[in-house]
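> Starting off with a structure, shown below.
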Amino acid sequence: MIPTYNKAKTLADCVRAVYRQTCQPVEVIVVDDASTDGSREIAAGLPCRLICLPTNQGVSAARNAGAAAAVGEVLFFVDSDIALAPDAIGNALRVLREHPGCAVVQGIYDAEPLAADGPVEVYKTLFEHYWRRQRDGVADATLFALTAIRRQAFDDVGGFDERLRDAEDIEFGTRLPARYEIRMSADVVGRHDDVDRLRPFLAEHVRRAVSYGALLVGVLVADDRRRVHRADGQRPETARPASGVDVGAVAAMLCCAATALTLPLAAVAGWLLAVPAATFTAFTLVDGALFRFVRRRKGNRFLVYFVAMHFLMHTTQLAGMTVGFAAGLVRSTRRRPARSTTAPETGR
């Protein structure tokens with residue numbers, strides 16, 4: 001399943017990479033989400049099944065449309081700006097065979113982008129590659145850029161929430177029954193053509209952070225309700241609990257925020273510059289392994305740029321998540337029904 005919206009630049013590379021797989025898929029379905037850049041015409045000229053949505057409905061609706069039309073027992077979702085390595089699908093199926101309790105196998109990005117269009121893209125590609133590779137093995141959240149899932153598990157969840165245009169894959173995982181294992185595999189690889197300019201990068205990053213912050217509230221509220229149900233003796237809960245927190249990422253975000261907030265202290269007294277200097281040093285230590293990885297691949301000069309971009313990324317991410325979390329709390333409070341003060345009936 002290849003959902004696409006205005007990806008004329010990479011769509012052909014994506015589809016051709018699927019047909020070059022050592023393990024050929026039963027079918028290849030491209031779902032065009034009302035593109036305006038010629039993507040639909042490109043897909044029509046390729047040996048794949050094309051589904052055209054009449055209006056732009058978002059990636060959730062596109063993936064659901066592809067899944068509804070598919071006949072395979074395993075669904076493999078790949079975004080249209082990714083070109084899979086030739087053994088990606090075969091390796092995903094191997095992981096599913098080796099781990100019968102596993103229902104979801106998600107891949108990683110290659111360290112090199114599909115098309116290197118500038119330092120912003122190189123930064124994001126290196127970071128995404130490192131972040132995913134470090135999580136090789138059992139995972140606690142779902143990401144669907146290049147992911148295989150058993151059809152039964154997809155149907156049990158009920159597909160993607162079509163109201164969501166961001167964080168939809170993470171939200172999907174919160175409804176995945178706990179009996180299904182999720183795995184990240186460094187053997188399932190694709191080269192990604194990522195955002196390559198600073199302003200769109202920040203806009204996309206903040207938008208997703210806001211969505212994730214709001215989603216986190218919903219997950220926590222749902223988890224609290226599940227605990228209430230278990231305490232009340234109602235049916236056992238089968239949904240997956242809230243995903244684990246990435247402690248390292250939280251620590252790095254807090255260090256970046258502390259640095260930005262305490263930097264003005266230097267205007268009061270020069271020696272107070274030691275405070276933001278200390279928090280910035282802590283930030284470099286928290287992500288030290290990542291920075292050493294970047295230095296080995298790109299050298300010290302690019303490392304300086306990478307650290308600056310990473311600081312900016314974490315700062316904007318925390319700001320966006322805070323806004324989203326606060327908005328989610330407000331909505332949750334408004335929707336929460338008043339608790340009844342009467343005793344519940346018994347004997348039913």
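So you can find residues: chains in the structure tokens are A, B, ... in the order shown, residues in each start at 1, and ligands are numbered from 1 in order.
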When you look at Ser60 in chain A with a cut-off of 6 Å (counting only C-alpha atoms), what residues show up, excluding the ones that are within fewer than 3 positions of it in the same chain? I need them as a VMD selection string.
chain A and resid 63 160 162
> Do a neighbour search on Cys102 in chain A at 8 Å with only C-alpha atoms, toss out local chain neighbours closer than 5 positions, and write the hits as a PyMOL selection string.
chain A and resi 96+180-183
> Just to be explicit: take each residue in the selection above, keep N, CA and C atoms, and write the result as a PDB file, in the first residue's frame.

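This went into selection_14.pdb:
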```
ATOM      1  N   LEU A  96       8.355 -11.770  10.863  1.00  0.00           N
ATOM      2  CA  LEU A  96       7.026 -12.258  11.246  1.00  0.00           C
ATOM      3  C   LEU A  96       7.018 -13.776  11.414  1.00  0.00           C
ATOM      4  N   TYR A 180      -0.452  -8.512  20.728  1.00  0.00           N
ATOM      5  CA  TYR A 180       0.376  -8.417  19.529  1.00  0.00           C
ATOM      6  C   TYR A 180       1.695  -7.711  19.859  1.00  0.00           C
ATOM      7  N   GLU A 181       2.787  -8.322  19.446  1.00  0.00           N
ATOM      8  CA  GLU A 181       4.106  -7.721  19.646  1.00  0.00           C
ATOM      9  C   GLU A 181       4.443  -6.795  18.481  1.00  0.00           C
ATOM     10  N   ILE A 182       5.139  -5.699  18.784  1.00  0.00           N
ATOM     11  CA  ILE A 182       5.618  -4.750  17.779  1.00  0.00           C
ATOM     12  C   ILE A 182       7.142  -4.844  17.742  1.00  0.00           C
ATOM     13  N   ARG A 183       7.722  -4.849  16.550  1.00  0.00           N
ATOM     14  CA  ARG A 183       9.178  -4.902  16.428  1.00  0.00           C
ATOM     15  C   ARG A 183       9.679  -3.848  15.445  1.00  0.00           C
TER      16      ARG A 183
END
```
> For each of A:Ser35, A:Thr22, A:Ser80, A:Thr142, take the minimum atom-to-atom distance to Ala167 in chain A, counting only C-alpha atoms, then give the residue where this is smallest.
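Going through A:Ser35, A:Thr22, A:Ser80, A:Thr142 one by one, the smallest distance to Ala167 in chain A is for A:Thr142.
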> Using only C-alpha atoms, which protein or nucleic acid residues come within 7 Å of Thr262 in chain A? Drop anything in the same chain fewer than 4 positions from it, and give the result as a list in words.
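Near neighbours after the sequence-gap exclusion: Ala258, Val275 and Pro276 of chain A.
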> How about saving the chosen residues, N, CA, C and O atoms kept, as a short mmCIF file (atom, residue, chain, number, x, y, z; two decimals), in the first residue's frame?

```cif
data_model
loop_
_atom_site.label_atom_id
_atom_site.label_comp_id
_atom_site.auth_asym_id
_atom_site.auth_seq_id
_atom_site.Cartn_x
_atom_site.Cartn_y
_atom_site.Cartn_z
N ALA A 258 15.90 24.65 29.16
CA ALA A 258 16.58 25.34 30.27
C ALA A 258 17.65 26.28 29.73
O ALA A 258 17.83 27.40 30.24
N VAL A 275 25.16 29.30 33.86
CA VAL A 275 23.95 28.47 34.00
C VAL A 275 23.54 27.88 32.65
O VAL A 275 23.43 26.65 32.53
N PRO A 276 23.29 28.70 31.61
CA PRO A 276 22.95 28.10 30.32
C PRO A 276 24.10 27.27 29.74
O PRO A 276 23.86 26.30 29.02
#
```
> For a test of reading the model, state the distance in Å between CA of Leu272 in chain A and CA of Phe302 in chain A, rounded to one decimal.
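So the answer is 29.4 Å.
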> Give me, as an NGL selection string, all polymer residues having an atom no more than 10 Å from Ala327 in chain A, counting only C-alpha atoms and skipping those fewer than 2 positions away in the same chain.
:A and (210-211 or 213-214 or 217 or 321-325 or 329-333)
> Among range 65-314 of chain A, which ones does DSSP assign to strand (DSSP E or B) (computed from the backbone)? Answer as a ChimeraX atom specification.
/A:74-78,82-84,102-109,137-139,146-150,177,181-192,239
> I'd like the contact shell of range 107-116 of chain A - 6 Å cut-off, only C-alpha atoms, skipping same-chain residues fewer than 3 positions apart - returned as a PyMOL selection string.
chain A and resi 126+129+132+146+184-186+188-193
> Could you tell me how far CA of His310 in chain A sits from CA of Leu198 in chain A, in Å to one decimal place?
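Between CA of Leu198 in chain A and CA of His310 in chain A the gap works out to 12.3 Å.
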> Which residues are near Val31 in chain A? Cut-off 10 Å, only C-alpha atoms, ignore same chain within fewer than 4 positions. Put them as a list in words.
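In the requested format, the answer is Met1, Ile2, Pro3, Thr4, Tyr5, Arg40, Ala43, Arg49, Leu50, Ile51, Cys52, Leu53, Val59, Ala61, Ala62, Arg63, Asn64, Ala65, Gly66, Ala67 and Ser80 of chain A.
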> Hey, can you spit out that residue selection with all heavy atoms as a compact mmCIF listing (two decimals), in the first residue's frame?

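Saved to result_36.txt:
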```txt
# COMPACT_ATOMS: atom_id res chain seq x y z
N MET A 1 0.85 -1.19 0.00
CA MET A 1 0.00 0.00 0.00
C MET A 1 0.88 1.24 0.00
O MET A 1 1.72 1.42 0.88
CB MET A 1 -0.91 0.03 1.23
CG MET A 1 -2.31 -0.48 0.98
SD MET A 1 -2.28 -2.21 0.62
CE MET A 1 -1.68 -2.84 2.16
N ILE A 2 0.70 2.10 -1.00
CA ILE A 2 1.50 3.31 -1.13
C ILE A 2 0.55 4.51 -1.17
O ILE A 2 -0.01 4.83 -2.22
CB ILE A 2 2.37 3.28 -2.41
CG1 ILE A 2 3.24 2.01 -2.44
CG2 ILE A 2 3.23 4.53 -2.50
CD1 ILE A 2 3.99 1.82 -3.74
N PRO A 3 0.33 5.18 -0.04
CA PRO A 3 -0.48 6.40 -0.07
C PRO A 3 0.38 7.54 -0.62
O PRO A 3 1.57 7.65 -0.30
CB PRO A 3 -0.81 6.63 1.41
CG PRO A 3 0.34 6.02 2.15
CD PRO A 3 0.80 4.85 1.31
N THR A 4 -0.20 8.38 -1.45
CA THR A 4 0.60 9.47 -2.02
C THR A 4 -0.23 10.73 -2.15
O THR A 4 -1.42 10.70 -2.46
CB THR A 4 1.17 9.07 -3.39
OG1 THR A 4 2.09 10.08 -3.83
CG2 THR A 4 0.08 8.88 -4.43
N TYR A 5 0.44 11.85 -1.91
CA TYR A 5 -0.16 13.17 -2.14
C TYR A 5 0.95 14.11 -2.58
O TYR A 5 1.87 14.42 -1.80
CB TYR A 5 -0.85 13.70 -0.88
CG TYR A 5 -1.38 15.11 -1.06
CD1 TYR A 5 -2.42 15.38 -1.95
CD2 TYR A 5 -0.80 16.18 -0.37
CE1 TYR A 5 -2.88 16.68 -2.14
CE2 TYR A 5 -1.26 17.47 -0.55
CZ TYR A 5 -2.30 17.73 -1.44
OH TYR A 5 -2.75 19.01 -1.63
N ARG A 40 -0.90 11.36 -9.90
CA ARG A 40 -1.89 10.39 -10.37
C ARG A 40 -1.53 9.88 -11.76
O ARG A 40 -1.63 8.67 -12.04
CB ARG A 40 -3.28 11.03 -10.37
CG ARG A 40 -4.39 10.11 -10.80
CD ARG A 40 -5.76 10.76 -10.64
NE ARG A 40 -6.02 11.13 -9.25
CZ ARG A 40 -7.18 11.60 -8.81
NH1 ARG A 40 -8.20 11.75 -9.66
NH2 ARG A 40 -7.34 11.92 -7.55
N ALA A 43 1.42 7.44 -11.50
CA ALA A 43 1.00 6.13 -11.01
C ALA A 43 0.25 5.35 -12.08
O ALA A 43 0.40 4.13 -12.21
CB ALA A 43 0.12 6.30 -9.77
N ARG A 49 -1.91 -1.16 -9.16
CA ARG A 49 -3.34 -0.83 -9.08
C ARG A 49 -3.47 0.57 -8.50
O ARG A 49 -2.88 0.88 -7.46
CB ARG A 49 -4.06 -1.85 -8.20
CG ARG A 49 -5.55 -1.57 -8.06
CD ARG A 49 -6.21 -2.63 -7.20
NE ARG A 49 -7.63 -2.34 -7.00
CZ ARG A 49 -8.43 -3.05 -6.22
NH1 ARG A 49 -7.94 -4.11 -5.57
NH2 ARG A 49 -9.70 -2.73 -6.08
N LEU A 50 -4.24 1.42 -9.13
CA LEU A 50 -4.38 2.80 -8.69
C LEU A 50 -5.79 3.05 -8.16
O LEU A 50 -6.78 2.76 -8.84
CB LEU A 50 -4.09 3.76 -9.86
CG LEU A 50 -4.31 5.25 -9.60
CD1 LEU A 50 -3.40 5.75 -8.48
CD2 LEU A 50 -4.08 6.06 -10.89
N ILE A 51 -5.85 3.58 -6.96
CA ILE A 51 -7.11 4.01 -6.35
C ILE A 51 -7.03 5.53 -6.20
O ILE A 51 -6.07 6.05 -5.63
CB ILE A 51 -7.33 3.36 -4.98
CG1 ILE A 51 -7.45 1.84 -5.13
CG2 ILE A 51 -8.57 3.93 -4.29
CD1 ILE A 51 -7.53 1.10 -3.81
N CYS A 52 -8.02 6.24 -6.70
CA CYS A 52 -8.02 7.70 -6.65
C CYS A 52 -9.11 8.20 -5.71
O CYS A 52 -10.29 7.93 -5.94
CB CYS A 52 -8.23 8.28 -8.05
SG CYS A 52 -6.94 7.82 -9.23
N LEU A 53 -8.72 8.92 -4.68
CA LEU A 53 -9.70 9.53 -3.79
C LEU A 53 -10.19 10.83 -4.42
O LEU A 53 -9.39 11.60 -4.97
CB LEU A 53 -9.08 9.79 -2.42
CG LEU A 53 -8.54 8.56 -1.68
CD1 LEU A 53 -8.06 8.94 -0.27
CD2 LEU A 53 -9.59 7.45 -1.59
N VAL A 59 -3.58 11.03 5.08
CA VAL A 59 -2.90 9.73 4.95
C VAL A 59 -3.68 8.60 5.61
O VAL A 59 -3.63 7.46 5.15
CB VAL A 59 -1.47 9.83 5.52
CG1 VAL A 59 -1.48 10.02 7.04
CG2 VAL A 59 -0.65 8.59 5.16
N ALA A 61 -6.97 8.12 5.73
CA ALA A 61 -7.99 7.66 4.78
C ALA A 61 -7.36 6.93 3.61
O ALA A 61 -7.89 5.92 3.13
CB ALA A 61 -8.82 8.85 4.28
N ALA A 62 -6.21 7.41 3.14
CA ALA A 62 -5.54 6.76 2.01
C ALA A 62 -5.08 5.36 2.39
O ALA A 62 -5.25 4.40 1.61
CB ALA A 62 -4.37 7.61 1.54
N ARG A 63 -4.50 5.22 3.55
CA ARG A 63 -4.07 3.89 3.99
C ARG A 63 -5.26 2.95 4.18
O ARG A 63 -5.21 1.78 3.81
CB ARG A 63 -3.26 4.00 5.28
CG ARG A 63 -1.86 4.58 5.09
CD ARG A 63 -1.15 4.76 6.42
NE ARG A 63 0.20 5.30 6.26
CZ ARG A 63 0.82 6.04 7.16
NH1 ARG A 63 0.21 6.32 8.32
NH2 ARG A 63 2.04 6.48 6.95
N ASN A 64 -6.31 3.46 4.77
CA ASN A 64 -7.50 2.63 4.97
C ASN A 64 -8.09 2.18 3.64
O ASN A 64 -8.54 1.03 3.50
CB ASN A 64 -8.55 3.38 5.77
CG ASN A 64 -8.20 3.50 7.24
OD1 ASN A 64 -7.32 2.79 7.75
ND2 ASN A 64 -8.86 4.40 7.95
N ALA A 65 -8.10 3.07 2.65
CA ALA A 65 -8.63 2.71 1.33
C ALA A 65 -7.79 1.61 0.69
O ALA A 65 -8.33 0.67 0.09
CB ALA A 65 -8.68 3.94 0.43
N GLY A 66 -6.48 1.71 0.83
CA GLY A 66 -5.61 0.68 0.29
C GLY A 66 -5.81 -0.65 0.98
O GLY A 66 -5.87 -1.71 0.33
N ALA A 67 -5.92 -0.62 2.30
CA ALA A 67 -6.11 -1.85 3.07
C ALA A 67 -7.45 -2.51 2.73
O ALA A 67 -7.55 -3.74 2.65
CB ALA A 67 -6.04 -1.55 4.56
N SER A 80 5.24 7.24 -0.11
CA SER A 80 5.64 7.41 -1.51
C SER A 80 6.91 8.22 -1.68
O SER A 80 7.34 8.44 -2.82
CB SER A 80 4.50 8.07 -2.30
OG SER A 80 4.13 9.31 -1.71
```
> From a DSSP calculation on the backbone, collect every residue of range 75-307 of chain A in helix (DSSP H, G or I) and output the set as an MDAnalysis selection string.
chainID A and resid 88:98 119:133 151:157 168:174 198:231 247:267 270:286 288:307
> Using only C-alpha atoms, pick whichever of A:Asn300, A:Gln134, A:Thr281, A:Asn6 has the shortest atom-to-atom distance to Gly58 in chain A.
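Nearest candidate to Gly58 in chain A out of A:Asn300, A:Gln134, A:Thr281, A:Asn6: A:Asn6.
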> Tell me which protein, DNA and RNA residues are within 10 Å of Met253 in chain A, counting only C-alpha atoms, leaving out same-chain ones fewer than 4 positions away, and put them as a PDB file with all heavy atoms, in the first residue's frame.

```pdb
ATOM      1  N   VAL A 247      13.042   8.488  27.733  1.00  0.00           N
ATOM      2  CA  VAL A 247      13.630   9.290  28.803  1.00  0.00           C
ATOM      3  C   VAL A 247      14.753  10.177  28.272  1.00  0.00           C
ATOM      4  O   VAL A 247      14.888  11.338  28.647  1.00  0.00           O
ATOM      5  CB  VAL A 247      14.147   8.373  29.934  1.00  0.00           C
ATOM      6  CG1 VAL A 247      14.829   9.203  31.020  1.00  0.00           C
ATOM      7  CG2 VAL A 247      13.001   7.566  30.526  1.00  0.00           C
ATOM      8  N   GLY A 248      15.572   9.629  27.366  1.00  0.00           N
ATOM      9  CA  GLY A 248      16.673  10.403  26.818  1.00  0.00           C
ATOM     10  C   GLY A 248      16.197  11.624  26.059  1.00  0.00           C
ATOM     11  O   GLY A 248      16.755  12.722  26.206  1.00  0.00           O
ATOM     12  N   ALA A 249      15.139  11.448  25.242  1.00  0.00           N
ATOM     13  CA  ALA A 249      14.612  12.578  24.471  1.00  0.00           C
ATOM     14  C   ALA A 249      14.024  13.635  25.391  1.00  0.00           C
ATOM     15  O   ALA A 249      14.208  14.841  25.174  1.00  0.00           O
ATOM     16  CB  ALA A 249      13.559  12.090  23.482  1.00  0.00           C
ATOM     17  N   ALA A 257      15.444  23.490  26.662  1.00  0.00           N
ATOM     18  CA  ALA A 257      14.542  24.521  27.169  1.00  0.00           C
ATOM     19  C   ALA A 257      15.198  25.329  28.276  1.00  0.00           C
ATOM     20  O   ALA A 257      15.082  26.567  28.320  1.00  0.00           O
ATOM     21  CB  ALA A 257      13.256  23.875  27.672  1.00  0.00           C
ATOM     22  N   ALA A 258      15.903  24.646  29.164  1.00  0.00           N
ATOM     23  CA  ALA A 258      16.576  25.339  30.267  1.00  0.00           C
ATOM     24  C   ALA A 258      17.650  26.283  29.729  1.00  0.00           C
ATOM     25  O   ALA A 258      17.831  27.401  30.242  1.00  0.00           O
ATOM     26  CB  ALA A 258      17.194  24.321  31.226  1.00  0.00           C
ATOM     27  N   THR A 259      18.354  25.851  28.684  1.00  0.00           N
ATOM     28  CA  THR A 259      19.383  26.714  28.095  1.00  0.00           C
ATOM     29  C   THR A 259      18.761  27.967  27.501  1.00  0.00           C
ATOM     30  O   THR A 259      19.235  29.095  27.732  1.00  0.00           O
ATOM     31  CB  THR A 259      20.149  25.940  27.004  1.00  0.00           C
ATOM     32  OG1 THR A 259      20.734  24.766  27.568  1.00  0.00           O
ATOM     33  CG2 THR A 259      21.240  26.806  26.394  1.00  0.00           C
ATOM     34  N   PHE A 283      23.035  18.873  27.688  1.00  0.00           N
ATOM     35  CA  PHE A 283      22.369  18.462  26.448  1.00  0.00           C
ATOM     36  C   PHE A 283      23.328  17.683  25.547  1.00  0.00           C
ATOM     37  O   PHE A 283      22.977  16.628  24.993  1.00  0.00           O
ATOM     38  CB  PHE A 283      21.831  19.695  25.729  1.00  0.00           C
ATOM     39  CG  PHE A 283      21.631  19.545  24.248  1.00  0.00           C
ATOM     40  CD1 PHE A 283      20.682  18.681  23.739  1.00  0.00           C
ATOM     41  CD2 PHE A 283      22.405  20.284  23.363  1.00  0.00           C
ATOM     42  CE1 PHE A 283      20.497  18.542  22.371  1.00  0.00           C
ATOM     43  CE2 PHE A 283      22.228  20.154  21.996  1.00  0.00           C
ATOM     44  CZ  PHE A 283      21.278  19.282  21.498  1.00  0.00           C
ATOM     45  N   VAL A 286      23.819  14.194  27.046  1.00  0.00           N
ATOM     46  CA  VAL A 286      22.659  13.305  26.898  1.00  0.00           C
ATOM     47  C   VAL A 286      22.637  12.689  25.506  1.00  0.00           C
ATOM     48  O   VAL A 286      22.370  11.490  25.349  1.00  0.00           O
ATOM     49  CB  VAL A 286      21.353  14.081  27.172  1.00  0.00           C
ATOM     50  CG1 VAL A 286      20.143  13.244  26.746  1.00  0.00           C
ATOM     51  CG2 VAL A 286      21.248  14.444  28.649  1.00  0.00           C
ATOM     52  N   HIS A 310      19.878  20.181  16.056  1.00  0.00           N
ATOM     53  CA  HIS A 310      19.276  19.283  17.037  1.00  0.00           C
ATOM     54  C   HIS A 310      18.763  20.071  18.244  1.00  0.00           C
ATOM     55  O   HIS A 310      17.701  19.762  18.791  1.00  0.00           O
ATOM     56  CB  HIS A 310      20.320  18.260  17.482  1.00  0.00           C
ATOM     57  CG  HIS A 310      19.729  16.990  17.997  1.00  0.00           C
ATOM     58  ND1 HIS A 310      18.826  16.237  17.283  1.00  0.00           N
ATOM     59  CD2 HIS A 310      19.901  16.333  19.180  1.00  0.00           C
ATOM     60  CE1 HIS A 310      18.484  15.176  17.983  1.00  0.00           C
ATOM     61  NE2 HIS A 310      19.105  15.221  19.141  1.00  0.00           N
ATOM     62  N   PHE A 311      19.500  21.099  18.632  1.00  0.00           N
ATOM     63  CA  PHE A 311      19.049  21.972  19.718  1.00  0.00           C
ATOM     64  C   PHE A 311      17.752  22.662  19.322  1.00  0.00           C
ATOM     65  O   PHE A 311      16.792  22.724  20.111  1.00  0.00           O
ATOM     66  CB  PHE A 311      20.133  23.006  20.017  1.00  0.00           C
ATOM     67  CG  PHE A 311      19.789  23.945  21.143  1.00  0.00           C
ATOM     68  CD1 PHE A 311      20.148  23.643  22.443  1.00  0.00           C
ATOM     69  CD2 PHE A 311      19.116  25.130  20.903  1.00  0.00           C
ATOM     70  CE1 PHE A 311      19.839  24.504  23.485  1.00  0.00           C
ATOM     71  CE2 PHE A 311      18.787  25.990  21.931  1.00  0.00           C
ATOM     72  CZ  PHE A 311      19.153  25.678  23.226  1.00  0.00           C
ATOM     73  N   LEU A 312      17.698  23.177  18.111  1.00  0.00           N
ATOM     74  CA  LEU A 312      16.492  23.849  17.625  1.00  0.00           C
ATOM     75  C   LEU A 312      15.326  22.864  17.542  1.00  0.00           C
ATOM     76  O   LEU A 312      14.193  23.186  17.924  1.00  0.00           O
ATOM     77  CB  LEU A 312      16.772  24.457  16.254  1.00  0.00           C
ATOM     78  CG  LEU A 312      15.631  25.225  15.583  1.00  0.00           C
ATOM     79  CD1 LEU A 312      15.220  26.419  16.430  1.00  0.00           C
ATOM     80  CD2 LEU A 312      16.058  25.680  14.188  1.00  0.00           C
ATOM     81  N   MET A 313      15.596  21.654  17.081  1.00  0.00           N
ATOM     82  CA  MET A 313      14.547  20.646  16.963  1.00  0.00           C
ATOM     83  C   MET A 313      13.945  20.322  18.324  1.00  0.00           C
ATOM     84  O   MET A 313      12.726  20.296  18.498  1.00  0.00           O
ATOM     85  CB  MET A 313      15.110  19.381  16.316  1.00  0.00           C
ATOM     86  CG  MET A 313      14.073  18.305  16.022  1.00  0.00           C
ATOM     87  SD  MET A 313      13.750  17.181  17.418  1.00  0.00           S
ATOM     88  CE  MET A 313      15.262  16.224  17.448  1.00  0.00           C
ATOM     89  N   HIS A 314      14.797  20.071  19.321  1.00  0.00           N
ATOM     90  CA  HIS A 314      14.297  19.713  20.640  1.00  0.00           C
ATOM     91  C   HIS A 314      13.529  20.873  21.284  1.00  0.00           C
ATOM     92  O   HIS A 314      12.504  20.655  21.948  1.00  0.00           O
ATOM     93  CB  HIS A 314      15.455  19.306  21.553  1.00  0.00           C
ATOM     94  CG  HIS A 314      15.822  17.859  21.441  1.00  0.00           C
ATOM     95  ND1 HIS A 314      14.892  16.848  21.459  1.00  0.00           N
ATOM     96  CD2 HIS A 314      17.030  17.249  21.326  1.00  0.00           C
ATOM     97  CE1 HIS A 314      15.502  15.686  21.360  1.00  0.00           C
ATOM     98  NE2 HIS A 314      16.797  15.896  21.266  1.00  0.00           N
ATOM     99  N   THR A 315      14.016  22.085  21.095  1.00  0.00           N
ATOM    100  CA  THR A 315      13.344  23.245  21.686  1.00  0.00           C
ATOM    101  C   THR A 315      11.947  23.430  21.107  1.00  0.00           C
ATOM    102  O   THR A 315      10.966  23.621  21.839  1.00  0.00           O
ATOM    103  CB  THR A 315      14.181  24.515  21.463  1.00  0.00           C
ATOM    104  OG1 THR A 315      15.496  24.325  22.001  1.00  0.00           O
ATOM    105  CG2 THR A 315      13.542  25.716  22.156  1.00  0.00           C
ATOM    106  N   THR A 316      11.840  23.365  19.768  1.00  0.00           N
ATOM    107  CA  THR A 316      10.528  23.532  19.139  1.00  0.00           C
ATOM    108  C   THR A 316       9.621  22.335  19.437  1.00  0.00           C
ATOM    109  O   THR A 316       8.407  22.487  19.573  1.00  0.00           O
ATOM    110  CB  THR A 316      10.674  23.699  17.618  1.00  0.00           C
ATOM    111  OG1 THR A 316      11.436  22.601  17.081  1.00  0.00           O
ATOM    112  CG2 THR A 316      11.384  24.999  17.288  1.00  0.00           C
ATOM    113  N   GLN A 317      10.220  21.152  19.552  1.00  0.00           N
ATOM    114  CA  GLN A 317       9.419  19.965  19.867  1.00  0.00           C
ATOM    115  C   GLN A 317       8.774  20.093  21.243  1.00  0.00           C
ATOM    116  O   GLN A 317       7.585  19.796  21.409  1.00  0.00           O
ATOM    117  CB  GLN A 317      10.290  18.714  19.816  1.00  0.00           C
ATOM    118  CG  GLN A 317       9.517  17.416  20.026  1.00  0.00           C
ATOM    119  CD  GLN A 317      10.417  16.204  19.905  1.00  0.00           C
ATOM    120  OE1 GLN A 317      11.569  16.212  20.323  1.00  0.00           O
ATOM    121  NE2 GLN A 317       9.890  15.140  19.314  1.00  0.00           N
ATOM    122  N   LEU A 318       9.547  20.524  22.228  1.00  0.00           N
ATOM    123  CA  LEU A 318       8.986  20.683  23.568  1.00  0.00           C
ATOM    124  C   LEU A 318       7.905  21.751  23.582  1.00  0.00           C
ATOM    125  O   LEU A 318       6.854  21.580  24.222  1.00  0.00           O
ATOM    126  CB  LEU A 318      10.093  21.035  24.565  1.00  0.00           C
ATOM    127  CG  LEU A 318       9.643  21.205  26.020  1.00  0.00           C
ATOM    128  CD1 LEU A 318       9.011  19.918  26.548  1.00  0.00           C
ATOM    129  CD2 LEU A 318      10.821  21.608  26.906  1.00  0.00           C
ATOM    130  N   ALA A 319       8.149  22.854  22.867  1.00  0.00           N
ATOM    131  CA  ALA A 319       7.139  23.917  22.813  1.00  0.00           C
ATOM    132  C   ALA A 319       5.849  23.404  22.174  1.00  0.00           C
ATOM    133  O   ALA A 319       4.746  23.636  22.693  1.00  0.00           O
ATOM    134  CB  ALA A 319       7.681  25.108  22.025  1.00  0.00           C
TER     135      ALA A 319
END
```
